[in-house]
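Engineer: This is structure27.pdb (PDB, C-alpha atoms).
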MODEL        1
ATOM      1  CA  MET W   1       0.000   0.000   0.000
ATOM      2  CA  SER W   2       1.274   3.479  -0.806
ATOM      3  CA  PHE W   3       0.458   6.672   1.084
ATOM      4  CA  PRO W   4       0.330   9.579  -1.370
ATOM      5  CA  GLN W   5      -1.119  11.970   1.231
ATOM      6  CA  LEU W   6       1.643  11.299   3.785
ATOM      7  CA  SER W   7       4.917  13.191   4.090
ATOM      8  CA  ILE W   8       7.686  11.742   6.239
ATOM      9  CA  LEU W   9       9.973  14.130   8.107
ATOM     10  CA  ILE W  10      13.326  12.924   9.424
ATOM     11  CA  PRO W  11      15.062  15.482  11.659
ATOM     12  CA  ALA W  12      18.823  14.970  11.209
ATOM     13  CA  ALA W  13      20.181  18.343  12.282
ATOM     14  CA  GLY W  14      21.598  17.809  15.772
ATOM     15  CA  VAL W  15      25.093  17.125  17.047
ATOM     16  CA  SER W  16      24.124  14.299  19.436
ATOM     17  CA  ARG W  17      25.708  15.890  22.518
ATOM     18  CA  ARG W  18      24.945  12.977  24.873
ATOM     19  CA  LEU W  19      26.396  10.465  22.449
ATOM     20  CA  GLY W  20      29.466  12.547  21.609
ATOM     21  CA  GLN W  21      29.294  11.903  17.844
ATOM     22  CA  PRO W  22      26.711  12.477  15.105
ATOM     23  CA  LYS W  23      24.234   9.616  15.454
ATOM     24  CA  GLN W  24      22.953  10.172  11.904
ATOM     25  CA  LEU W  25      26.327   8.945  10.644
ATOM     26  CA  LEU W  26      26.649   5.866  12.871
ATOM     27  CA  ARG W  27      26.767   2.635  10.918
ATOM     28  CA  TYR W  28      24.272  -0.195  11.287
ATOM     29  CA  ARG W  29      24.389  -3.196   8.944
ATOM     30  CA  LYS W  30      26.847  -1.382   6.663
ATOM     31  CA  LYS W  31      24.625   1.716   6.340
ATOM     32  CA  THR W  32      24.468   4.985   8.208
ATOM     33  CA  LEU W  33      21.472   5.456  10.473
ATOM     34  CA  ILE W  34      20.197   8.267   8.257
ATOM     35  CA  GLN W  35      20.384   6.032   5.166
ATOM     36  CA  ASN W  36      18.639   3.236   7.079
ATOM     37  CA  ALA W  37      15.816   5.616   8.134
ATOM     38  CA  VAL W  38      15.417   7.025   4.627
ATOM     39  CA  GLU W  39      15.219   3.550   3.077
ATOM     40  CA  THR W  40      12.698   2.378   5.677
ATOM     41  CA  ALA W  41      10.597   5.501   5.061
ATOM     42  CA  HIS W  42      10.799   4.988   1.300
ATOM     43  CA  SER W  43       9.604   1.390   1.649
ATOM     44  CA  ILE W  44       6.041   2.496   2.504
ATOM     45  CA  THR W  45       5.835   4.785  -0.570
ATOM     46  CA  PRO W  46       4.900   8.126   0.989
ATOM     47  CA  ARG W  47       4.299  11.330  -0.983
ATOM     48  CA  GLU W  48       7.766  12.581  -0.006
ATOM     49  CA  ILE W  49      10.612  12.218   2.450
ATOM     50  CA  VAL W  50      11.984  15.424   3.934
ATOM     51  CA  VAL W  51      15.309  15.359   5.803
ATOM     52  CA  VAL W  52      16.134  18.396   7.927
ATOM     53  CA  THR W  53      19.871  19.052   8.151
ATOM     54  CA  GLY W  54      21.858  21.343  10.412
ATOM     55  CA  ALA W  55      25.171  20.391  11.998
ATOM     56  CA  ASN W  56      27.133  18.103   9.680
ATOM     57  CA  ALA W  57      24.772  18.980   6.805
ATOM     58  CA  LYS W  58      27.195  17.975   4.050
ATOM     59  CA  ALA W  59      28.063  14.651   5.696
ATOM     60  CA  VAL W  60      24.363  13.865   6.212
ATOM     61  CA  LYS W  61      23.599  14.758   2.592
ATOM     62  CA  ASP W  62      26.498  12.611   1.376
ATOM     63  CA  ALA W  63      25.297   9.679   3.530
ATOM     64  CA  ILE W  64      21.913   9.572   1.793
ATOM     65  CA  GLN W  65      22.168   7.541  -1.371
ATOM     66  CA  SER W  66      19.805   6.008  -3.900
ATOM     67  CA  VAL W  67      16.548   7.269  -2.385
ATOM     68  CA  PRO W  68      14.969  10.571  -3.456
ATOM     69  CA  VAL W  69      14.630  12.958  -0.523
ATOM     70  CA  ARG W  70      14.177  16.668  -0.140
ATOM     71  CA  LEU W  71      16.766  18.300   2.074
ATOM     72  CA  ILE W  72      15.797  21.355   4.106
ATOM     73  CA  HIS W  73      18.515  23.105   6.095
ATOM     74  CA  ASN W  74      17.725  24.457   9.556
ATOM     75  CA  PRO W  75      20.198  27.291  10.216
ATOM     76  CA  ASN W  76      19.092  27.385  13.879
ATOM     77  CA  TRP W  77      19.636  23.664  14.469
ATOM     78  CA  SER W  78      21.431  24.306  17.774
ATOM     79  CA  ALA W  79      18.152  25.548  19.321
ATOM     80  CA  GLY W  80      16.842  21.967  19.436
ATOM     81  CA  MET W  81      14.709  19.412  17.661
ATOM     82  CA  GLY W  82      11.523  21.481  17.932
ATOM     83  CA  GLY W  83      12.943  24.057  15.517
ATOM     84  CA  SER W  84      14.018  21.356  13.089
ATOM     85  CA  ILE W  85      10.537  19.841  13.116
ATOM     86  CA  ALA W  86       9.049  23.310  12.577
ATOM     87  CA  THR W  87      11.422  23.995   9.672
ATOM     88  CA  GLY W  88      10.589  20.675   8.019
ATOM     89  CA  ALA W  89       6.842  20.944   8.640
ATOM     90  CA  ALA W  90       6.798  24.376   6.989
ATOM     91  CA  GLY W  91       8.339  22.874   3.861
ATOM     92  CA  ILE W  92       6.178  19.820   3.209
ATOM     93  CA  SER W  93       3.971  19.397   0.173
ATOM     94  CA  PRO W  94       0.696  21.339   0.364
ATOM     95  CA  GLU W  95      -1.009  18.167  -0.878
ATOM     96  CA  SER W  96      -0.040  16.203   2.241
ATOM     97  CA  THR W  97      -2.723  15.614   4.831
ATOM     98  CA  GLY W  98      -0.481  13.761   7.274
ATOM     99  CA  LEU W  99       3.079  14.161   8.513
ATOM    100  CA  MET W 100       5.055  11.309  10.050
ATOM    101  CA  ILE W 101       7.994  12.281  12.230
ATOM    102  CA  LEU W 102      10.592   9.518  12.088
ATOM    103  CA  LEU W 103      13.836   9.637  14.069
ATOM    104  CA  CYS W 104      16.894   8.157  12.418
ATOM    105  CA  ASP W 105      18.256   6.754  15.689
ATOM    106  CA  GLN W 106      15.342   4.309  16.049
ATOM    107  CA  TRP W 107      17.470   1.711  14.325
ATOM    108  CA  ARG W 108      15.224  -1.329  14.793
ATOM    109  CA  LEU W 109      12.188   0.118  13.012
ATOM    110  CA  GLN W 110      11.172  -1.864   9.957
ATOM    111  CA  THR W 111       8.807  -1.392   7.044
ATOM    112  CA  SER W 112       6.064  -3.252   8.922
ATOM    113  CA  ASP W 113       6.276  -0.818  11.856
ATOM    114  CA  LEU W 114       5.802   2.225   9.625
ATOM    115  CA  GLN W 115       3.152   0.425   7.583
ATOM    116  CA  ASP W 116       1.116  -0.316  10.736
ATOM    117  CA  LEU W 117       1.195   3.346  11.773
ATOM    118  CA  ALA W 118       0.381   4.624   8.282
ATOM    119  CA  GLU W 119      -2.514   2.199   7.804
ATOM    120  CA  LYS W 120      -4.008   3.159  11.173
ATOM    121  CA  TRP W 121      -3.721   6.861  10.242
ATOM    122  CA  HIS W 122      -5.124   6.226   6.746
ATOM    123  CA  SER W 123      -8.226   4.622   8.293
ATOM    124  CA  ASP W 124      -8.901   7.820  10.314
ATOM    125  CA  PRO W 125      -6.733  10.689   8.985
ATOM    126  CA  GLU W 126      -7.911  13.206  11.612
ATOM    127  CA  ARG W 127      -6.188  11.266  14.407
ATOM    128  CA  ILE W 128      -2.659  11.544  15.779
ATOM    129  CA  VAL W 129      -1.177   8.071  15.448
ATOM    130  CA  CYS W 130       1.750   7.327  17.724
ATOM    131  CA  ALA W 131       3.978   4.331  18.421
ATOM    132  CA  GLU W 132       3.719   2.855  21.902
ATOM    133  CA  ALA W 133       6.210   0.615  23.678
ATOM    134  CA  ASP W 134       6.380  -0.329  27.350
ATOM    135  CA  GLY W 135       3.421   1.943  28.102
ATOM    136  CA  GLN W 136       5.174   5.003  26.637
ATOM    137  CA  LEU W 137       4.133   7.034  23.611
ATOM    138  CA  MET W 138       7.039   7.734  21.269
ATOM    139  CA  PRO W 139       7.977   8.386  17.657
ATOM    140  CA  PRO W 140       7.266   7.573  14.963
ATOM    141  CA  VAL W 141       4.163   9.696  15.160
ATOM    142  CA  ILE W 142       1.804  10.836  12.412
ATOM    143  CA  PHE W 143       0.122  14.211  12.789
ATOM    144  CA  PRO W 144      -2.998  15.153  10.830
ATOM    145  CA  ALA W 145      -3.266  18.410   8.892
ATOM    146  CA  SER W 146      -5.087  20.020  11.832
ATOM    147  CA  CYS W 147      -1.780  19.914  13.757
ATOM    148  CA  PHE W 148       0.455  21.344  11.018
ATOM    149  CA  SER W 149       0.355  24.928  12.317
ATOM    150  CA  ALA W 150       1.281  23.714  15.820
ATOM    151  CA  LEU W 151       4.181  21.732  14.362
ATOM    152  CA  GLN W 152       5.392  24.819  12.478
ATOM    153  CA  ALA W 153       5.380  26.792  15.750
ATOM    154  CA  LEU W 154       7.602  24.351  17.695
ATOM    155  CA  ASN W 155      10.965  25.374  19.128
ATOM    156  CA  GLY W 156      13.361  24.192  21.785
ATOM    157  CA  ASP W 157      14.481  20.692  22.633
ATOM    158  CA  SER W 158      11.219  18.928  23.447
ATOM    159  CA  GLY W 159      10.219  18.020  19.914
ATOM    160  CA  ALA W 160       6.485  17.518  19.397
ATOM    161  CA  ARG W 161       5.629  16.114  22.845
ATOM    162  CA  SER W 162       3.695  19.283  23.722
ATOM    163  CA  ILE W 163       1.268  18.667  20.851
ATOM    164  CA  LEU W 164       0.607  15.140  22.095
ATOM    165  CA  LYS W 165      -0.088  16.501  25.594
ATOM    166  CA  ASP W 166      -2.368  19.236  24.231
ATOM    167  CA  HIS W 167      -4.491  16.817  22.178
ATOM    168  CA  PRO W 168      -4.979  13.543  24.094
ATOM    169  CA  GLU W 169      -8.456  13.253  22.572
ATOM    170  CA  LEU W 170      -6.886  12.790  19.124
ATOM    171  CA  LEU W 171      -4.368  10.114  20.090
ATOM    172  CA  THR W 172      -4.355   6.579  18.780
ATOM    173  CA  ALA W 173      -1.504   4.387  20.017
ATOM    174  CA  VAL W 174      -0.085   1.538  17.951
ATOM    175  CA  PRO W 175       2.066  -1.058  19.743
ATOM    176  CA  SER W 176       5.603  -1.083  18.339
ATOM    177  CA  LYS W 177       8.338  -2.884  20.279
ATOM    178  CA  ASN W 178      10.968  -1.760  17.774
ATOM    179  CA  ALA W 179      10.271   1.926  18.468
ATOM    180  CA  ALA W 180      11.708   1.541  21.975
ATOM    181  CA  TYR W 181      15.248   1.074  20.658
ATOM    182  CA  ASP W 182      17.201   4.247  19.985
ATOM    183  CA  VAL W 183      20.730   5.568  20.350
ATOM    184  CA  ASP W 184      21.306   8.521  22.671
ATOM    185  CA  THR W 185      24.117   7.334  24.958
ATOM    186  CA  PRO W 186      27.326   5.282  24.667
ATOM    187  CA  THR W 187      25.562   2.417  26.480
ATOM    188  CA  GLN W 188      22.796   2.361  23.865
ATOM    189  CA  LEU W 189      25.434   2.558  21.150
ATOM    190  CA  SER W 190      26.854  -0.750  22.395
ATOM    191  CA  GLN W 191      23.437  -2.368  21.687
ATOM    192  CA  LEU W 192      23.638  -1.229  18.083
TER     193      LEU W 192
ENDMDL
END
Just give me the structure of the file as structure tokens.
Structural biologist:
Amino acid sequence: MSFPQLSILIPAAGVSRRLGQPKQLLRYRKKTLIQNAVETAHSITPREIVVVTGANAKAVKDAIQSVPVRLIHNPNWSAGMGGSIATGAAGISPESTGLMILLCDQWRLQTSDLQDLAEKWHSDPERIVCAEADGQLMPPVIFPASCFSALQALNGDSGARSILKDHPELLTAVPSKNAAYDVDTPTQLSQL
């Protein structure tokens, strides 16, 4: 199934302070994490894939191969992920009615995980569809068009959590064990 009304946004602008090296460029199964995320996103055939760059923009661009993406540079990347999401959300196709935020450090996500989220959203495109693991809501998350202006107004380091808190009545959670695995610390890096 393809999702021509869905844009996928991958924020890849940060410097990964806690990890001490750019996580987008870490290698997993002979690919960088950004390439892995882009290929997984591409596998569900969305309208577009938007990658927001910032620190290490050239290296991130060079790491993305063989999959068409649109790169948007966030000159204020150091202000946090919220600004990168806002920058990317402002640049998506006007024909999109949903926006998935996918983090490149969620290295265990597979096509089936994204497909489950996208199908749930497609069945009710006014809902916010969010991955859930161990009782916690987490990315990937799909926001409906009604949330686009709130996404474009984000700033700081908290990402889009505030929108989830402001709209609990719109939330649909989809179990996704693979979403729980990410890379933020050297200990988590050893799991990779």
Engineer: Would you please work out which residue, of W:Ile8, W:Ile34, W:Leu103, W:Leu164, is nearest to Arg47 (chain W) when using only C-alpha atoms?
Structural biologist: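 The shortest atom-to-atom distance to Arg47 (chain W) comes from W:Ile8.
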Engineer: With the file shown as input, list the residues that the PyMOL selection byres ((chain W and resi 69-76) around 8) selects, as an mmCIF file with C-alpha atoms, keeping the file's coordinate frame.
Structural biologist:
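out_39.cif, freshly written:
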data_model
loop_
_atom_site.group_PDB
_atom_site.id
_atom_site.type_symbol
_atom_site.label_atom_id
_atom_site.label_comp_id
_atom_site.auth_asym_id
_atom_site.auth_seq_id
_atom_site.Cartn_x
_atom_site.Cartn_y
_atom_site.Cartn_z
ATOM 1 C CA ALA W 13 20.181 18.343 12.282
ATOM 2 C CA VAL W 38 15.417 7.025 4.627
ATOM 3 C CA GLU W 48 7.766 12.581 -0.006
ATOM 4 C CA ILE W 49 10.612 12.218 2.450
ATOM 5 C CA VAL W 50 11.984 15.424 3.934
ATOM 6 C CA VAL W 51 15.309 15.359 5.803
ATOM 7 C CA VAL W 52 16.134 18.396 7.927
ATOM 8 C CA THR W 53 19.871 19.052 8.151
ATOM 9 C CA GLY W 54 21.858 21.343 10.412
ATOM 10 C CA ALA W 57 24.772 18.980 6.805
ATOM 11 C CA LYS W 61 23.599 14.758 2.592
ATOM 12 C CA VAL W 67 16.548 7.269 -2.385
ATOM 13 C CA PRO W 68 14.969 10.571 -3.456
ATOM 14 C CA TRP W 77 19.636 23.664 14.469
ATOM 15 C CA SER W 78 21.431 24.306 17.774
ATOM 16 C CA ALA W 79 18.152 25.548 19.321
ATOM 17 C CA GLY W 83 12.943 24.057 15.517
ATOM 18 C CA SER W 84 14.018 21.356 13.089
ATOM 19 C CA THR W 87 11.422 23.995 9.672
ATOM 20 C CA GLY W 88 10.589 20.675 8.019
ATOM 21 C CA GLY W 91 8.339 22.874 3.861
#
Engineer: Out of W:Ser66, W:Ser43, W:Gln5, W:Gln24, which residue has the shortest atom-to-atom distance to Ser112 (chain W) when counting all atoms listed in the file?
Structural biologist: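 Closest to Ser112 (chain W), using all atoms listed in the file: W:Ser43.
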Engineer: Measure the distance from CA of Pro139 (chain W) to CA of Leu170 (chain W) in Å and round it to one decimal.
Structural biologist: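 Going from CA of Pro139 (chain W) over to CA of Leu170 (chain W), I get 15.6 Å.
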Engineer: Care to translate the PyMOL selection byres ((chain W and resi 108) around 10) into actual residues of this file, as an mmCIF file with C-alpha atoms, in the coordinates of the input?
Structural biologist:
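Everything below was put into result-v2.cif:
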data_model
loop_
_atom_site.group_PDB
_atom_site.id
_atom_site.type_symbol
_atom_site.label_atom_id
_atom_site.label_comp_id
_atom_site.auth_asym_id
_atom_site.auth_seq_id
_atom_site.Cartn_x
_atom_site.Cartn_y
_atom_site.Cartn_z
ATOM 1 C CA TYR W 28 24.272 -0.195 11.287
ATOM 2 C CA ASN W 36 18.639 3.236 7.079
ATOM 3 C CA ALA W 37 15.816 5.616 8.134
ATOM 4 C CA CYS W 104 16.894 8.157 12.418
ATOM 5 C CA ASP W 105 18.256 6.754 15.689
ATOM 6 C CA GLN W 106 15.342 4.309 16.049
ATOM 7 C CA TRP W 107 17.470 1.711 14.325
ATOM 8 C CA LEU W 109 12.188 0.118 13.012
ATOM 9 C CA GLN W 110 11.172 -1.864 9.957
ATOM 10 C CA ASP W 113 6.276 -0.818 11.856
ATOM 11 C CA LYS W 177 8.338 -2.884 20.279
ATOM 12 C CA ASN W 178 10.968 -1.760 17.774
ATOM 13 C CA ALA W 179 10.271 1.926 18.468
ATOM 14 C CA ALA W 180 11.708 1.541 21.975
ATOM 15 C CA TYR W 181 15.248 1.074 20.658
ATOM 16 C CA ASP W 182 17.201 4.247 19.985
ATOM 17 C CA LEU W 192 23.638 -1.229 18.083
#
Engineer: Quote the spacing between CA of His42 (chain W) and CA of Ile101 (chain W) in Å to one decimal place.
Structural biologist: 13.4 Å
Engineer: With all atoms listed in the file as the basis for distance, which of W:Ser123, W:Thr111, W:Thr40, W:Thr97 is at the shortest distance from Pro144 (chain W)?
Structural biologist: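 Answer, going by the shortest atom-to-atom distance: W:Thr97.
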Engineer: Excluding Lys31 (chain W) and residues on its chain fewer than 6 positions from it, collect all residues at most 10 Å away from it, counting only C-alpha atoms, and give them as number ranges by chain.
Structural biologist: W: 25, 37, 63-65
Engineer: Store the residues of this selection in a file with C-alpha atoms, as a PDB file, keeping the file's coordinate frame.
Structural biologist:
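Okay, part20.pdb is ready:
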ATOM      1  CA  LEU W  25      26.327   8.945  10.644  1.00  0.00           C
ATOM      2  CA  ALA W  37      15.816   5.616   8.134  1.00  0.00           C
ATOM      3  CA  ALA W  63      25.297   9.679   3.530  1.00  0.00           C
ATOM      4  CA  ILE W  64      21.913   9.572   1.793  1.00  0.00           C
ATOM      5  CA  GLN W  65      22.168   7.541  -1.371  1.00  0.00           C
TER       6      GLN W  65
END
Engineer: From (6.1, 7.7, 8.8), in the file's coordinates, out to 6 Å: which residues are reached, counting all atoms listed in the file? Answer as a PyMOL selection string.
Structural biologist: chain W and resi 8+100+102+114
Engineer: At a cut-off of 6 Å, using only C-alpha atoms, what residues contact region 44-46 of chain W? Leave out same-chain residues fewer than 2 positions from it and give the result as an MDAnalysis selection string.
Structural biologist: chainID W and resid 2:4 6:7 42 48
Engineer: What is the distance, in Å and to one decimal place, between CA of Leu117 (chain W) and CA of Pro140 (chain W)?
Structural biologist: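 Rounded to one decimal, the two atoms are 8.1 Å apart.
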Engineer: As a check of understanding, name the residues that the PyMOL selection byres ((chain W and resi 155) around 6) selects in the supplied structure, as a ChimeraX atom specification.
Structural biologist: /W:82-83,154,156
Engineer: Restricting the calculation to only C-alpha atoms, which member of W:Ile10, W:Cys130, W:Ala145, W:Gln152 is positioned closest to Thr172 (chain W)?
Structural biologist: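 Of W:Ile10, W:Cys130, W:Ala145, W:Gln152, the one nearest Thr172 (chain W) is W:Cys130, counting only C-alpha atoms.
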Engineer: Fewer than 2 positions away in the same chain doesn't count, so skip those; otherwise give me all residues within 7 Å of Phe143 (chain W), counting all atoms listed in the file, as a list of chain:residue names.
Structural biologist: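 Near Phe143 (chain W), the qualifying residues are W:Gly98, W:Leu99, W:Met100, W:Ile128, W:Val129, W:Val141, W:Ala145, W:Cys147.
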Engineer: Store the residues picked out above, limited to C-alpha atoms, as a PDB file, in the coordinates of the input.
Structural biologist:
ATOM      1  CA  GLY W  98      -0.481  13.761   7.274  1.00  0.00           C
ATOM      2  CA  LEU W  99       3.079  14.161   8.513  1.00  0.00           C
ATOM      3  CA  MET W 100       5.055  11.309  10.050  1.00  0.00           C
ATOM      4  CA  ILE W 128      -2.659  11.544  15.779  1.00  0.00           C
ATOM      5  CA  VAL W 129      -1.177   8.071  15.448  1.00  0.00           C
ATOM      6  CA  VAL W 141       4.163   9.696  15.160  1.00  0.00           C
ATOM      7  CA  ALA W 145      -3.266  18.410   8.892  1.00  0.00           C
ATOM      8  CA  CYS W 147      -1.780  19.914  13.757  1.00  0.00           C
TER       9      CYS W 147
END
Engineer: Pick the closest to Leu151 (chain W) from W:Ala131, W:Ser96, W:Leu137, W:Ala90: which is it, counting all atoms listed in the file?
Structural biologist: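 Comparing W:Ala131, W:Ser96, W:Leu137, W:Ala90 against Leu151 (chain W), the winner is W:Ala90.
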